[in-house]
Amino acid sequence: MNYWLVKSEPFKYSWDQFVKEKKTFWDGVRNYAARNNLRDMQKGDQVFFYHSNEGLAIVGIAEVVKTAYQDPTTDDSNWVVVDLKPVKAMPKPVTLEAIKADKDLANMDLVRLSRLSVGKVTPAEYKKVCKMGGL
């Protein structure tokens, strides 16, 4: 199993909206590194859901339920989406500030590649963030 992080601005697509819909395809990625991460996702992989711009926190965990396929919002075959479903909310959102303050998370894509909308998470980072979030 692999671990990932996706970012969403809550005013565009929030964790609460995701939970209400029960499933979504993750579209709008127009960065090649982020696209490559989507292509690498496998069914069952766990995904942190991060509120960007406002909130600045990991607020939940999702799961990949369908691997990469053509982004239905564009005819350009360079872009793909994956289907995600919500698994659980973080009992305590894990803020970017808390992540940056933890030396064990200094190499996390979220910190090193702050503009990347779909990033990798190592198993150690996943475990640490889950613990910080009360899981």
# chains A, B, ... in the order shown; residues from 1 in each chain; ligands from 1
>>> residues_around(residues="Met90 of chain A", least_positions_apart="4", cutoff="6 Å", atoms="only C-alpha atoms", output="list in words")
Val59, Gly60 and Gly133 of chain A
>>> write_last_selection(atoms="N, CA and C atoms", output="short mmCIF file (atom, residue, chain, number, x, y, z; two decimals), in the first residue's frame")
data_model
loop_
_atom_site.label_atom_id
_atom_site.label_comp_id
_atom_site.auth_asym_id
_atom_site.auth_seq_id
_atom_site.Cartn_x
_atom_site.Cartn_y
_atom_site.Cartn_z
N VAL A 59 -7.32 17.16 7.10
CA VAL A 59 -8.60 17.04 7.81
C VAL A 59 -9.24 15.66 7.71
N GLY A 60 -8.71 14.81 6.82
CA GLY A 60 -9.31 13.49 6.68
C GLY A 60 -8.46 12.54 5.88
N GLY A 133 -2.96 13.45 14.51
CA GLY A 133 -4.38 13.72 14.31
C GLY A 133 -5.32 12.94 15.21
#
>>> residues_around(residues="Tyr126 of chain A", least_positions_apart="6", cutoff="10 Å", atoms="only C-alpha atoms", output="PyMOL selection string")
chain A and resi 2-5+46-48+105+108+120+132
>>> write_last_selection(atoms="C-alpha atoms", output="short mmCIF file (atom, residue, chain, number, x, y, z; two decimals), in the first residue's frame")
data_model
loop_
_atom_site.label_atom_id
_atom_site.label_comp_id
_atom_site.auth_asym_id
_atom_site.auth_seq_id
_atom_site.Cartn_x
_atom_site.Cartn_y
_atom_site.Cartn_z
CA ASN A 2 1.13 3.53 -0.78
CA TYR A 3 0.22 6.82 0.83
CA TRP A 4 -0.56 10.16 -0.75
CA LEU A 5 -1.82 13.67 -0.05
CA GLN A 46 -4.64 5.79 1.56
CA VAL A 47 -4.79 9.53 0.83
CA PHE A 48 -4.61 12.48 3.20
CA LEU A 105 8.22 15.54 8.73
CA MET A 108 7.41 15.55 3.48
CA LYS A 120 3.67 11.27 -1.97
CA MET A 132 -0.76 13.74 15.52
#
>>> closest_residue(among="A:Phe25, A:Phe18, A:Tyr13, A:Tyr69", to="Ala89 of chain A", atoms="only C-alpha atoms")
A:Phe18
>>> residues_around(residues="Gly119 of chain A", least_positions_apart="6", cutoff="7 Å", atoms="only C-alpha atoms", output="list in words")
Trp4, Leu5, Val6, Ala34, Asn37, Asp109 and Leu110 of chain A
>>> residues_around(residues="Lys23 of chain A", least_positions_apart="4", cutoff="8 Å", atoms="only C-alpha atoms", output="list in words")
Phe18, Val19, Asp83, Leu84, Lys85 and Pro86 of chain A
>>> write_last_selection(atoms="N, CA and C atoms", output="PDB file, in the first residue's frame")
ATOM      1  N   PHE A  18     -17.147  16.312   0.300  1.00  0.00           N
ATOM      2  CA  PHE A  18     -16.651  14.994  -0.097  1.00  0.00           C
ATOM      3  C   PHE A  18     -17.385  13.892   0.663  1.00  0.00           C
ATOM      4  N   VAL A  19     -17.512  14.054   1.971  1.00  0.00           N
ATOM      5  CA  VAL A  19     -18.204  13.068   2.805  1.00  0.00           C
ATOM      6  C   VAL A  19     -19.668  12.957   2.382  1.00  0.00           C
ATOM      7  N   ASP A  83     -10.538   7.900  -8.725  1.00  0.00           N
ATOM      8  CA  ASP A  83     -11.723   7.993  -7.871  1.00  0.00           C
ATOM      9  C   ASP A  83     -11.302   7.784  -6.424  1.00  0.00           C
ATOM     10  N   LEU A  84     -11.827   8.628  -5.546  1.00  0.00           N
ATOM     11  CA  LEU A  84     -11.549   8.556  -4.113  1.00  0.00           C
ATOM     12  C   LEU A  84     -12.853   8.461  -3.345  1.00  0.00           C
ATOM     13  N   LYS A  85     -12.783   7.801  -2.183  1.00  0.00           N
ATOM     14  CA  LYS A  85     -13.912   7.807  -1.260  1.00  0.00           C
ATOM     15  C   LYS A  85     -13.376   8.210   0.113  1.00  0.00           C
ATOM     16  N   PRO A  86     -14.191   8.916   0.894  1.00  0.00           N
ATOM     17  CA  PRO A  86     -13.751   9.280   2.240  1.00  0.00           C
ATOM     18  C   PRO A  86     -13.729   8.056   3.144  1.00  0.00           C
TER      19      PRO A  86
END
>>> closest_residue(among="A:Cys130, A:Asp40, A:Lys7, A:Ile61", to="Leu116 of chain A", atoms="only C-alpha atoms")
A:Lys7
>>> closest_atom_pairs(of="segment 9-71 of chain A", to="segment 92-99 of chain A", cutoff="6 Å", atoms="only C-alpha atoms", output="CSV")
residue,atom,partner,partner_atom,distance
A:Leu56,CA,A:Leu96,CA,5.6
A:Ala57,CA,A:Thr95,CA,4.0
A:Ile58,CA,A:Val94,CA,5.1
A:Val59,CA,A:Pro93,CA,4.8
>>> write_last_selection(atoms="N, CA and C atoms", output="PDB file, in the first residue's frame")
ATOM      1  N   LEU A  56      -5.455  25.184   6.103  1.00  0.00           N
ATOM      2  CA  LEU A  56      -4.075  24.696   6.072  1.00  0.00           C
ATOM      3  C   LEU A  56      -3.877  23.518   7.014  1.00  0.00           C
ATOM      4  N   ALA A  57      -4.649  22.453   6.773  1.00  0.00           N
ATOM      5  CA  ALA A  57      -4.578  21.288   7.653  1.00  0.00           C
ATOM      6  C   ALA A  57      -5.037  20.033   6.933  1.00  0.00           C
ATOM      7  N   ILE A  58      -4.471  18.909   7.360  1.00  0.00           N
ATOM      8  CA  ILE A  58      -4.958  17.610   6.924  1.00  0.00           C
ATOM      9  C   ILE A  58      -6.195  17.320   7.764  1.00  0.00           C
ATOM     10  N   VAL A  59      -7.325  17.157   7.097  1.00  0.00           N
ATOM     11  CA  VAL A  59      -8.598  17.041   7.807  1.00  0.00           C
ATOM     12  C   VAL A  59      -9.238  15.658   7.706  1.00  0.00           C
TER      13      VAL A  59
END
>>> residues_around(residues="Met1 of chain A", least_positions_apart="3", cutoff="10 Å", atoms="only C-alpha atoms", output="ChimeraX atom specification")
/A:41-46,123
>>> write_last_selection(atoms="N, CA and C atoms", output="compact mmCIF listing (two decimals), in the first residue's frame")
# COMPACT_ATOMS: atom_id res chain seq x y z
N MET A 41 -1.07 5.96 -8.27
CA MET A 41 -1.99 5.52 -7.22
C MET A 41 -2.61 4.18 -7.57
N GLN A 42 -2.76 3.33 -6.56
CA GLN A 42 -3.36 2.02 -6.73
C GLN A 42 -4.61 1.89 -5.86
N LYS A 43 -5.52 1.05 -6.28
CA LYS A 43 -6.73 0.80 -5.50
C LYS A 43 -6.35 0.37 -4.08
N GLY A 44 -6.96 1.01 -3.09
CA GLY A 44 -6.68 0.71 -1.69
C GLY A 44 -5.67 1.64 -1.05
N ASP A 45 -4.91 2.40 -1.86
CA ASP A 45 -3.97 3.36 -1.29
C ASP A 45 -4.71 4.38 -0.43
N GLN A 46 -4.06 4.82 0.63
CA GLN A 46 -4.64 5.79 1.56
C GLN A 46 -4.16 7.20 1.20
N PRO A 123 5.44 5.83 4.47
CA PRO A 123 4.74 5.14 5.56
C PRO A 123 5.02 5.76 6.93
>>> select_by_dssp(residues="segment 15-46 of chain A", states="alpha helix (DSSP H)", output="ChimeraX atom specification")
/A:15-21,32-40
>>> atom_distance(atom1="atom CA of Lys12 of chain A", atom2="atom CA of Lys127 of chain A")
28.2 Å
>>> select_by_dssp(residues="segment 9-112 of chain A", states="strand (DSSP E)", output="PyMOL selection string")
chain A and resi 24-25+46-51+57-70+80-95
>>> residues_around(residues="Pro10 of chain A", least_positions_apart="4", cutoff="10 Å", atoms="only C-alpha atoms", output="short mmCIF file (atom, residue, chain, number, x, y, z; two decimals) with N, CA and C atoms, in the first residue's frame")
data_model
loop_
_atom_site.label_atom_id
_atom_site.label_comp_id
_atom_site.auth_asym_id
_atom_site.auth_seq_id
_atom_site.Cartn_x
_atom_site.Cartn_y
_atom_site.Cartn_z
N SER A 14 -14.73 20.91 -0.25
CA SER A 14 -14.34 20.69 1.15
C SER A 14 -14.46 19.22 1.53
N TRP A 15 -13.85 18.89 2.65
CA TRP A 15 -13.98 17.54 3.22
C TRP A 15 -15.45 17.23 3.47
N ASP A 16 -16.20 18.17 4.02
CA ASP A 16 -17.63 17.94 4.31
C ASP A 16 -18.41 17.62 3.04
N GLN A 17 -18.11 18.33 1.95
CA GLN A 17 -18.79 18.06 0.68
C GLN A 17 -18.41 16.66 0.18
N TYR A 50 -6.16 17.38 2.35
CA TYR A 50 -5.60 18.61 2.92
C TYR A 50 -6.39 19.82 2.45
N HIS A 51 -6.83 20.65 3.39
CA HIS A 51 -7.46 21.92 3.05
C HIS A 51 -6.37 22.96 2.85
N SER A 52 -6.25 23.46 1.63
CA SER A 52 -5.25 24.47 1.32
C SER A 52 -5.86 25.87 1.35
N ASN A 53 -5.01 26.84 1.42
CA ASN A 53 -5.34 28.27 1.45
C ASN A 53 -6.09 28.70 2.70
N GLU A 54 -7.20 28.09 3.02
CA GLU A 54 -7.87 28.38 4.28
C GLU A 54 -7.95 27.07 5.07
N GLY A 55 -7.57 27.14 6.31
CA GLY A 55 -7.53 25.93 7.12
C GLY A 55 -6.12 25.40 7.25
N LEU A 56 -5.46 25.18 6.10
CA LEU A 56 -4.08 24.70 6.07
C LEU A 56 -3.88 23.52 7.01
#
>>> closest_residue(among="A:Glu125, A:Lys20, A:Ser8, A:Val29", to="Thr74 of chain A", atoms="only C-alpha atoms")
A:Val29
>>> atom_distance(atom1="atom CA of Val64 of chain A", atom2="atom CA of Ala106 of chain A")
25.6 Å
>>> closest_residue(among="A:Ala124, A:Ala101, A:Leu38, A:Leu135", to="Trp79 of chain A", atoms="only C-alpha atoms")
A:Leu38
>>> closest_residue(among="A:Thr73, A:Lys66, A:Arg30, A:Val80", to="Arg115 of chain A", atoms="only C-alpha atoms")
A:Arg30
>>> closest_residue(among="A:Gln70, A:Asn36, A:Lys103, A:Asp75", to="Ser117 of chain A", atoms="only C-alpha atoms")
A:Asn36
